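Source file: protein-v2.csv; contents: CSV, N, CA and C atoms.
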chain,number,residue,atom,x,y,z
A,1,MET,N,0.9,-1.2,0.0
A,1,MET,CA,0.0,0.0,0.0
A,1,MET,C,0.9,1.2,0.0
A,2,ASP,N,0.8,2.0,-1.0
A,2,ASP,CA,1.6,3.2,-1.1
A,2,ASP,C,0.9,4.4,-0.4
A,3,GLY,N,1.6,5.5,-0.4
A,3,GLY,CA,1.1,6.7,0.3
A,3,GLY,C,-0.2,7.2,-0.2
A,4,LEU,N,-0.4,7.2,-1.5
A,4,LEU,CA,-1.7,7.6,-2.1
A,4,LEU,C,-2.9,6.8,-1.6
A,5,ASP,N,-2.7,5.5,-1.6
A,5,ASP,CA,-3.7,4.6,-1.1
A,5,ASP,C,-4.1,4.9,0.4
A,6,THR,N,-3.0,5.2,1.2
A,6,THR,CA,-3.3,5.5,2.6
A,6,THR,C,-4.1,6.7,2.7
A,7,LEU,N,-3.8,7.8,1.9
A,7,LEU,CA,-4.6,9.0,2.0
A,7,LEU,C,-6.0,8.8,1.5
A,8,ARG,N,-6.1,8.0,0.5
A,8,ARG,CA,-7.5,7.7,-0.1
A,8,ARG,C,-8.3,7.0,1.0
A,9,LEU,N,-7.7,6.0,1.7
A,9,LEU,CA,-8.4,5.3,2.7
A,9,LEU,C,-8.7,6.2,3.9
A,10,MET,N,-7.9,7.2,4.2
A,10,MET,CA,-8.2,8.1,5.3
A,10,MET,C,-9.4,9.0,5.0
A,11,ILE,N,-9.4,9.4,3.7
A,11,ILE,CA,-10.5,10.3,3.3
A,11,ILE,C,-11.8,9.5,3.2
A,12,LEU,N,-11.8,8.3,2.7
A,12,LEU,CA,-13.0,7.4,2.5
A,12,LEU,C,-13.4,6.7,3.8
A,13,SER,N,-12.6,6.8,4.9
A,13,SER,CA,-12.9,6.0,6.1
A,13,SER,C,-14.3,6.3,6.7
A,14,PRO,N,-14.8,7.5,6.6
A,14,PRO,CA,-16.1,7.7,7.2
A,14,PRO,C,-17.2,6.9,6.4
A,15,ALA,N,-17.1,6.9,5.1
A,15,ALA,CA,-18.0,6.1,4.3
A,15,ALA,C,-18.0,4.7,4.6
A,16,LEU,N,-16.8,4.1,4.7
A,16,LEU,CA,-16.6,2.7,5.0
A,16,LEU,C,-17.1,2.4,6.4
A,17,ALA,N,-16.9,3.3,7.4
A,17,ALA,CA,-17.3,3.1,8.7
A,17,ALA,C,-18.9,3.2,8.8
A,18,ALA,N,-19.4,4.1,8.1
A,18,ALA,CA,-20.9,4.3,8.0
A,18,ALA,C,-21.6,3.1,7.4
A,19,ALA,N,-21.0,2.6,6.4
A,19,ALA,CA,-21.6,1.4,5.7
A,19,ALA,C,-21.5,0.2,6.7
A,20,ALA,N,-20.4,0.0,7.3
A,20,ALA,CA,-20.3,-1.1,8.3
A,20,ALA,C,-21.2,-0.9,9.5
A,21,SER,N,-21.3,0.3,10.0
A,21,SER,CA,-22.2,0.5,11.1
A,21,SER,C,-23.7,0.3,10.7
A,22,LEU,N,-24.1,0.6,9.5
A,22,LEU,CA,-25.5,0.4,9.1
A,22,LEU,C,-25.7,-1.1,9.0
A,23,VAL,N,-24.7,-1.9,8.6
A,23,VAL,CA,-24.9,-3.3,8.6
A,23,VAL,C,-25.1,-3.9,10.0
A,24,VAL,N,-24.3,-3.4,10.9
A,24,VAL,CA,-24.4,-3.8,12.3
A,24,VAL,C,-25.8,-3.4,12.9
A,25,PHE,N,-26.2,-2.2,12.5
A,25,PHE,CA,-27.5,-1.7,13.0
A,25,PHE,C,-28.6,-2.6,12.5
A,26,THR,N,-28.6,-2.9,11.2
A,26,THR,CA,-29.6,-3.7,10.6
A,26,THR,C,-29.6,-5.1,11.2
A,27,VAL,N,-28.5,-5.7,11.4
A,27,VAL,CA,-28.4,-7.1,12.0
A,27,VAL,C,-28.9,-7.1,13.4
A,28,VAL,N,-28.5,-6.1,14.2
A,28,VAL,CA,-28.9,-6.1,15.6
A,28,VAL,C,-30.4,-5.8,15.8
A,29,THR,N,-30.9,-4.8,14.9
A,29,THR,CA,-32.3,-4.5,15.0
A,29,THR,C,-33.2,-5.6,14.6
A,30,ALA,N,-32.8,-6.3,13.5
A,30,ALA,CA,-33.5,-7.5,13.1
A,30,ALA,C,-33.5,-8.6,14.1
A,31,ALA,N,-32.3,-8.8,14.7
A,31,ALA,CA,-32.2,-9.9,15.7
A,31,ALA,C,-33.1,-9.6,16.9
A,32,ARG,N,-33.2,-8.4,17.3
A,32,ARG,CA,-34.0,-8.0,18.5
A,32,ARG,C,-35.5,-7.8,18.1
A,33,ARG,N,-35.8,-7.8,16.8
A,33,ARG,CA,-37.2,-7.5,16.3
A,33,ARG,C,-37.7,-6.2,16.9
A,34,GLN,N,-36.9,-5.2,16.7
A,34,GLN,CA,-37.4,-3.9,17.2
A,34,GLN,C,-38.0,-3.1,16.0
A,35,HIS,N,-38.7,-2.0,16.4
A,35,HIS,CA,-39.3,-1.2,15.4
A,35,HIS,C,-38.1,-0.4,14.7
A,36,TRP,N,-38.1,-0.4,13.4
A,36,TRP,CA,-36.9,0.2,12.7
A,36,TRP,C,-36.8,1.7,13.0
A,37,TRP,N,-37.8,2.4,12.9
A,37,TRP,CA,-37.7,3.9,13.0
A,37,TRP,C,-37.3,4.3,14.4
A,38,ALA,N,-37.9,3.7,15.4
A,38,ALA,CA,-37.6,4.1,16.8
A,38,ALA,C,-36.1,3.7,17.1
A,39,ALA,N,-35.7,2.5,16.6
A,39,ALA,CA,-34.4,2.1,16.8
A,39,ALA,C,-33.4,3.0,16.1
A,40,PHE,N,-33.7,3.4,14.9
A,40,PHE,CA,-32.8,4.3,14.1
A,40,PHE,C,-32.7,5.7,14.8
A,41,GLN,N,-33.8,6.2,15.4
A,41,GLN,CA,-33.7,7.5,16.1
A,41,GLN,C,-32.8,7.3,17.3
A,42,HIS,N,-33.0,6.2,18.0
A,42,HIS,CA,-32.1,6.0,19.2
A,42,HIS,C,-30.7,5.8,18.8
A,43,TYR,N,-30.4,5.1,17.7
A,43,TYR,CA,-29.1,4.9,17.2
A,43,TYR,C,-28.4,6.2,16.8
A,44,VAL,N,-29.1,7.1,16.2
A,44,VAL,CA,-28.6,8.4,15.8
A,44,VAL,C,-28.3,9.2,17.1
A,45,LYS,N,-29.2,9.2,18.0
A,45,LYS,CA,-29.0,9.9,19.3
A,45,LYS,C,-27.8,9.4,20.0
A,46,VAL,N,-27.5,8.1,20.0
A,46,VAL,CA,-26.4,7.5,20.7
A,46,VAL,C,-25.1,7.8,19.9
A,47,LEU,N,-25.2,7.9,18.6
A,47,LEU,CA,-24.0,8.1,17.7
A,47,LEU,C,-23.5,9.6,17.8
A,48,LYS,N,-24.4,10.5,18.2
A,48,LYS,CA,-24.1,11.9,18.1
A,48,LYS,C,-22.8,12.3,19.0
A,49,TRP,N,-22.8,11.9,20.2
A,49,TRP,CA,-21.6,12.3,21.1
A,49,TRP,C,-20.3,11.6,20.7
A,50,PRO,N,-20.3,10.3,20.4
A,50,PRO,CA,-19.0,9.7,20.0
A,50,PRO,C,-18.4,10.4,18.7
A,51,VAL,N,-19.3,10.8,17.8
A,51,VAL,CA,-18.8,11.4,16.6
A,51,VAL,C,-18.3,12.8,16.9
A,52,ILE,N,-19.0,13.6,17.8
A,52,ILE,CA,-18.5,14.9,18.2
A,52,ILE,C,-17.1,14.7,18.9
A,53,ILE,N,-17.0,13.7,19.8
A,53,ILE,CA,-15.7,13.5,20.5
A,53,ILE,C,-14.6,13.1,19.5
A,54,GLY,N,-14.9,12.2,18.5
A,54,GLY,CA,-13.9,11.8,17.5
A,54,GLY,C,-13.4,13.0,16.7
A,55,VAL,N,-14.3,13.8,16.2
A,55,VAL,CA,-13.9,15.0,15.4
A,55,VAL,C,-13.2,16.0,16.2
A,56,GLY,N,-13.7,16.2,17.4
A,56,GLY,CA,-13.1,17.2,18.4
A,56,GLY,C,-11.7,16.8,18.8
A,57,SER,N,-11.5,15.5,19.0
A,57,SER,CA,-10.1,15.0,19.4
A,57,SER,C,-9.2,15.2,18.2
A,58,ALA,N,-9.6,14.9,17.0
A,58,ALA,CA,-8.8,15.1,15.8
A,58,ALA,C,-8.4,16.6,15.7
A,59,PHE,N,-9.4,17.5,15.9
A,59,PHE,CA,-9.2,18.9,15.9
A,59,PHE,C,-8.2,19.4,16.9
A,60,VAL,N,-8.3,18.9,18.1
A,60,VAL,CA,-7.4,19.3,19.2
A,60,VAL,C,-6.0,18.7,18.9
A,61,TYR,N,-5.9,17.5,18.4
A,61,TYR,CA,-4.6,16.9,18.1
A,61,TYR,C,-3.9,17.8,17.0
A,62,VAL,N,-4.6,18.1,16.0
A,62,VAL,CA,-4.0,18.9,14.9
A,62,VAL,C,-3.6,20.3,15.4
A,63,ILE,N,-4.4,21.0,16.1
A,63,ILE,CA,-4.1,22.3,16.6
A,63,ILE,C,-2.9,22.2,17.6
A,64,GLY,N,-2.9,21.2,18.5
A,64,GLY,CA,-1.7,21.0,19.4
A,64,GLY,C,-0.4,20.7,18.6
A,65,TRP,N,-0.5,19.8,17.6
A,65,TRP,CA,0.6,19.5,16.8
A,65,TRP,C,1.2,20.7,16.1
A,66,THR,N,0.2,21.5,15.6
A,66,THR,CA,0.6,22.7,14.9
A,66,THR,C,1.3,23.7,15.8
A,67,ALA,N,0.8,23.8,17.0
A,67,ALA,CA,1.4,24.8,18.0
A,67,ALA,C,2.8,24.3,18.5
A,68,ILE,N,2.9,23.0,18.7
A,68,ILE,CA,4.2,22.5,19.2
A,68,ILE,C,5.3,22.6,18.1
A,69,ASN,N,4.9,22.2,16.9
A,69,ASN,CA,5.9,22.2,15.8
A,69,ASN,C,6.0,23.6,15.0
A,70,LYS,N,5.2,24.5,15.4
A,70,LYS,CA,5.2,25.9,14.8
A,70,LYS,C,5.0,25.8,13.3
A,71,ALA,N,4.1,24.9,12.9
A,71,ALA,CA,3.9,24.7,11.4
A,71,ALA,C,2.8,25.6,11.0
A,72,GLY,N,3.1,26.4,10.0
A,72,GLY,CA,2.1,27.3,9.5
A,72,GLY,C,0.9,26.7,8.7
A,73,ASN,N,1.2,25.6,8.1
A,73,ASN,CA,0.2,24.9,7.3
A,73,ASN,C,-0.3,23.7,8.0
A,74,GLY,N,-0.1,23.6,9.3
A,74,GLY,CA,-0.5,22.4,10.1
A,74,GLY,C,-2.0,22.2,10.1
A,75,PRO,N,-2.9,23.2,10.1
A,75,PRO,CA,-4.3,23.0,10.1
A,75,PRO,C,-4.8,22.3,8.8
A,76,LEU,N,-4.0,22.3,7.8
A,76,LEU,CA,-4.4,21.5,6.6
A,76,LEU,C,-4.5,20.0,6.9
A,77,ALA,N,-3.9,19.6,8.0
A,77,ALA,CA,-4.0,18.2,8.3
A,77,ALA,C,-5.4,17.8,8.7
A,78,LEU,N,-6.2,18.8,9.0
A,78,LEU,CA,-7.6,18.4,9.3
A,78,LEU,C,-8.3,17.8,8.1
A,79,ILE,N,-7.8,18.1,6.9
A,79,ILE,CA,-8.4,17.5,5.7
A,79,ILE,C,-8.3,16.0,5.8
A,80,PHE,N,-7.2,15.5,6.3
A,80,PHE,CA,-7.0,14.1,6.4
A,80,PHE,C,-7.4,13.5,7.8
A,81,LEU,N,-7.1,14.2,8.8
A,81,LEU,CA,-7.4,13.6,10.2
A,81,LEU,C,-8.8,13.9,10.6
A,82,GLY,N,-9.5,14.8,10.0
A,82,GLY,CA,-10.9,15.0,10.4
A,82,GLY,C,-11.8,13.9,10.0
A,83,PRO,N,-11.7,13.3,8.8
A,83,PRO,CA,-12.5,12.1,8.4
A,83,PRO,C,-12.1,10.9,9.3
A,84,VAL,N,-10.8,10.8,9.6
A,84,VAL,CA,-10.4,9.7,10.5
A,84,VAL,C,-11.1,9.8,11.9
A,85,GLY,N,-11.1,11.0,12.4
A,85,GLY,CA,-11.8,11.2,13.7
A,85,GLY,C,-13.3,10.9,13.6
A,86,LEU,N,-13.9,11.3,12.5
A,86,LEU,CA,-15.3,11.0,12.2
A,86,LEU,C,-15.6,9.5,12.1
A,87,ALA,N,-14.7,8.8,11.4
A,87,ALA,CA,-14.8,7.3,11.3
A,87,ALA,C,-14.7,6.7,12.7
A,88,ALA,N,-13.7,7.2,13.5
A,88,ALA,CA,-13.5,6.6,14.8
A,88,ALA,C,-14.7,6.8,15.7
A,89,GLY,N,-15.3,8.0,15.6
A,89,GLY,CA,-16.6,8.3,16.3
A,89,GLY,C,-17.7,7.4,15.9
A,90,ILE,N,-17.8,7.1,14.6
A,90,ILE,CA,-18.9,6.2,14.1
A,90,ILE,C,-18.7,4.8,14.7
A,91,VAL,N,-17.5,4.3,14.6
A,91,VAL,CA,-17.2,3.0,15.1
A,91,VAL,C,-17.4,2.9,16.6
A,92,LEU,N,-17.0,3.9,17.4
A,92,LEU,CA,-17.2,3.9,18.8
A,92,LEU,C,-18.7,3.9,19.1
A,93,GLY,N,-19.4,4.8,18.5
A,93,GLY,CA,-20.9,4.8,18.7
A,93,GLY,C,-21.6,3.5,18.3
A,94,THR,N,-21.1,2.9,17.3
A,94,THR,CA,-21.7,1.6,16.9
A,94,THR,C,-21.4,0.5,17.9
A,95,VAL,N,-20.3,0.6,18.5
A,95,VAL,CA,-19.9,-0.4,19.5
A,95,VAL,C,-20.7,-0.2,20.8
A,96,ILE,N,-20.9,1.1,21.1
A,96,ILE,CA,-21.6,1.5,22.4
A,96,ILE,C,-23.1,1.2,22.2
A,97,TRP,N,-23.7,1.4,21.0
A,97,TRP,CA,-25.2,1.4,20.9
A,97,TRP,C,-25.9,0.2,21.4
A,98,PRO,N,-25.4,-1.0,21.0
A,98,PRO,CA,-26.2,-2.2,21.5
A,98,PRO,C,-26.3,-2.3,23.0
A,99,PHE,N,-25.3,-1.8,23.7
A,99,PHE,CA,-25.3,-1.9,25.2
A,99,PHE,C,-26.1,-0.8,25.8
A,100,VAL,N,-26.2,0.3,25.2
A,100,VAL,CA,-27.0,1.4,25.7
A,100,VAL,C,-28.4,1.2,25.4
A,101,SER,N,-28.8,0.5,24.3
A,101,SER,CA,-30.1,0.4,23.9
A,101,SER,C,-30.8,-0.8,24.7
A,102,MET,N,-30.1,-1.6,25.4
A,102,MET,CA,-30.7,-2.7,26.1
A,102,MET,C,-31.4,-2.1,27.4
A,103,LYS,N,-32.6,-2.6,27.6
A,103,LYS,CA,-33.3,-2.1,28.8
A,103,LYS,C,-33.1,-3.1,29.9
A,104,PRO,N,-32.6,-2.6,31.1
A,104,PRO,CA,-32.4,-3.6,32.2
A,104,PRO,C,-33.8,-4.0,32.8
A,105,ASN,N,-33.8,-5.2,33.4
A,105,ASN,CA,-35.0,-5.6,34.1
A,105,ASN,C,-34.9,-5.2,35.5
A,106,ASN,N,-35.6,-4.1,35.8
A,106,ASN,CA,-35.6,-3.5,37.1
A,106,ASN,C,-36.8,-4.0,38.0
A,107,THR,N,-37.3,-5.1,37.7
A,107,THR,CA,-38.4,-5.7,38.5
A,107,THR,C,-37.8,-6.2,39.9
A,108,PHE,N,-38.7,-6.3,40.8
A,108,PHE,CA,-38.2,-6.8,42.1
A,108,PHE,C,-37.7,-8.2,42.1
A,109,GLU,N,-38.4,-9.0,41.4
A,109,GLU,CA,-38.1,-10.5,41.3
A,109,GLU,C,-37.1,-10.8,40.2
A,110,ARG,N,-36.7,-9.8,39.4
A,110,ARG,CA,-35.8,-10.0,38.2
A,110,ARG,C,-36.3,-11.1,37.2
A,111,ASP,N,-37.6,-11.3,37.3
A,111,ASP,CA,-38.2,-12.2,36.4
A,111,ASP,C,-39.5,-11.6,35.8
A,112,ALA,N,-39.5,-11.2,34.6
A,112,ALA,CA,-40.6,-10.5,34.0
A,112,ALA,C,-41.9,-11.3,34.0
A,113,ARG,N,-41.8,-12.6,33.9
A,113,ARG,CA,-43.0,-13.4,33.9
A,113,ARG,C,-43.8,-13.3,35.3
A,114,LYS,N,-43.0,-13.2,36.4
A,114,LYS,CA,-43.6,-13.2,37.7
A,114,LYS,C,-44.1,-11.8,38.0
A,115,SER,N,-43.4,-10.7,37.5
A,115,SER,CA,-43.7,-9.4,38.0
A,115,SER,C,-44.9,-8.7,37.3
A,116,GLY,N,-45.3,-9.2,36.1
A,116,GLY,CA,-46.4,-8.6,35.4
A,116,GLY,C,-45.9,-7.4,34.6
A,117,ALA,N,-44.6,-7.2,34.5
A,117,ALA,CA,-44.1,-6.1,33.7
A,117,ALA,C,-44.3,-6.3,32.2
A,118,ARG,N,-44.6,-5.2,31.5
A,118,ARG,CA,-44.8,-5.4,30.1
A,118,ARG,C,-43.5,-5.5,29.4
A,119,PRO,N,-43.4,-6.4,28.3
A,119,PRO,CA,-42.1,-6.5,27.6
A,119,PRO,C,-41.8,-5.3,26.8
A,120,SER,N,-40.6,-5.0,26.6
A,120,SER,CA,-40.2,-3.8,25.8
A,120,SER,C,-40.5,-4.1,24.3
A,121,PRO,N,-40.8,-3.1,23.5
A,121,PRO,CA,-41.1,-3.3,22.1
A,121,PRO,C,-39.9,-3.7,21.3

As structure tokens, what does this structure read like?
Amino acid sequence: MDGLDTLRLMILSPALAAAASLVVFTVVTAARRQHWWAAFQHYVKVLKWPVIIGVGSAFVYVIGWTAINKAGNGPLALIFLGPVGLAAGIVLGTVIWPFVSMKPNNTFERDARKSGARPSP
């Protein structure tokens, strides 16, 4: 893999991460037999903060690197590291989502059949 392929992969990484995360979303939602639109809204809500953290960390890294090295054109690195931070946020949010979306059984007996609690949709 030469340098141009690496740069191309860095720029296309959000598209690849988004495609993989949609596959994971589809498989998990189908396995749980959830309503698609409600699950998608929750998925986007969970994905928001990891994406902001990923892009923000790339921004802070580039600005810090620019300040330490006194590089005048350092912020141009955001063109390459911004999409990588976005992809990292998408992957992190996709990993977190199935665990956040599970509803705990907070019944007294820990058995939904005995407690009369309604099952989650």

Within 6 Å of Phe80 of chain A, counting all atoms listed in the file, which residues show up once you throw out same-chain ones fewer than 4 positions away? Write them as a PyMOL selection string, please.
chain A and resi 10-11+76+84

Within 6.5 Å of Ala17 of chain A, counting all atoms listed in the file, which residues show up once you throw out same-chain ones fewer than 6 positions away? Write them as a JSON list (two decimals) with N, CA and C atoms, in the coordinates of the input, please.
[["chain", "number", "residue", "atom", "x", "y", "z"],
["A", 87, "ALA", "N", -14.70, 8.80, 11.40],
["A", 87, "ALA", "CA", -14.80, 7.30, 11.30],
["A", 87, "ALA", "C", -14.70, 6.70, 12.70],
["A", 90, "ILE", "N", -17.80, 7.10, 14.60],
["A", 90, "ILE", "CA", -18.90, 6.20, 14.10],
["A", 90, "ILE", "C", -18.70, 4.80, 14.70],
["A", 91, "VAL", "N", -17.50, 4.30, 14.60],
["A", 91, "VAL", "CA", -17.20, 3.00, 15.10],
["A", 91, "VAL", "C", -17.40, 2.90, 16.60]]

Please return, as a PyMOL selection string, all residues of chain A that DSSP assigns to helix (DSSP H, G or I) on the basis of the backbone.
chain A and resi 3-32+36-69+74-101+112-115

Need the shell around Lys48 of chain A: protein/DNA/RNA residues with any atom at most 8 Å away, counting all atoms listed in the file. Skip same-chain ones fewer than 5 positions apart. Format as a PyMOL selection string?
chain A and resi 42-43+53-54+89+93

Restricting the calculation to all atoms listed in the file, which member of A:Gly85, A:Ile96, A:Trp65, A:Phe59 is positioned closest to Leu47 of chain A?
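Going through A:Gly85, A:Ile96, A:Trp65, A:Phe59 one by one, the smallest distance to Leu47 of chain A is for A:Ile96.
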
Grab the atom N of Ala20 of chain A to atom N of Trp97 of chain A distance for me, in Å with one decimal place.
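Between atom N of Ala20 of chain A and atom N of Trp97 of chain A the gap works out to 14.2 Å.
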
Hey, can you check how far atom N of Asn73 of chain A sits from atom N of Ala58 of chain A?
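Distance reported for this atom pair: 17.6 Å.
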
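If you look at atom CA of Pro50 of chain A and atom CA of Leu92 of chain A, they are 6.2 Å away from each other.
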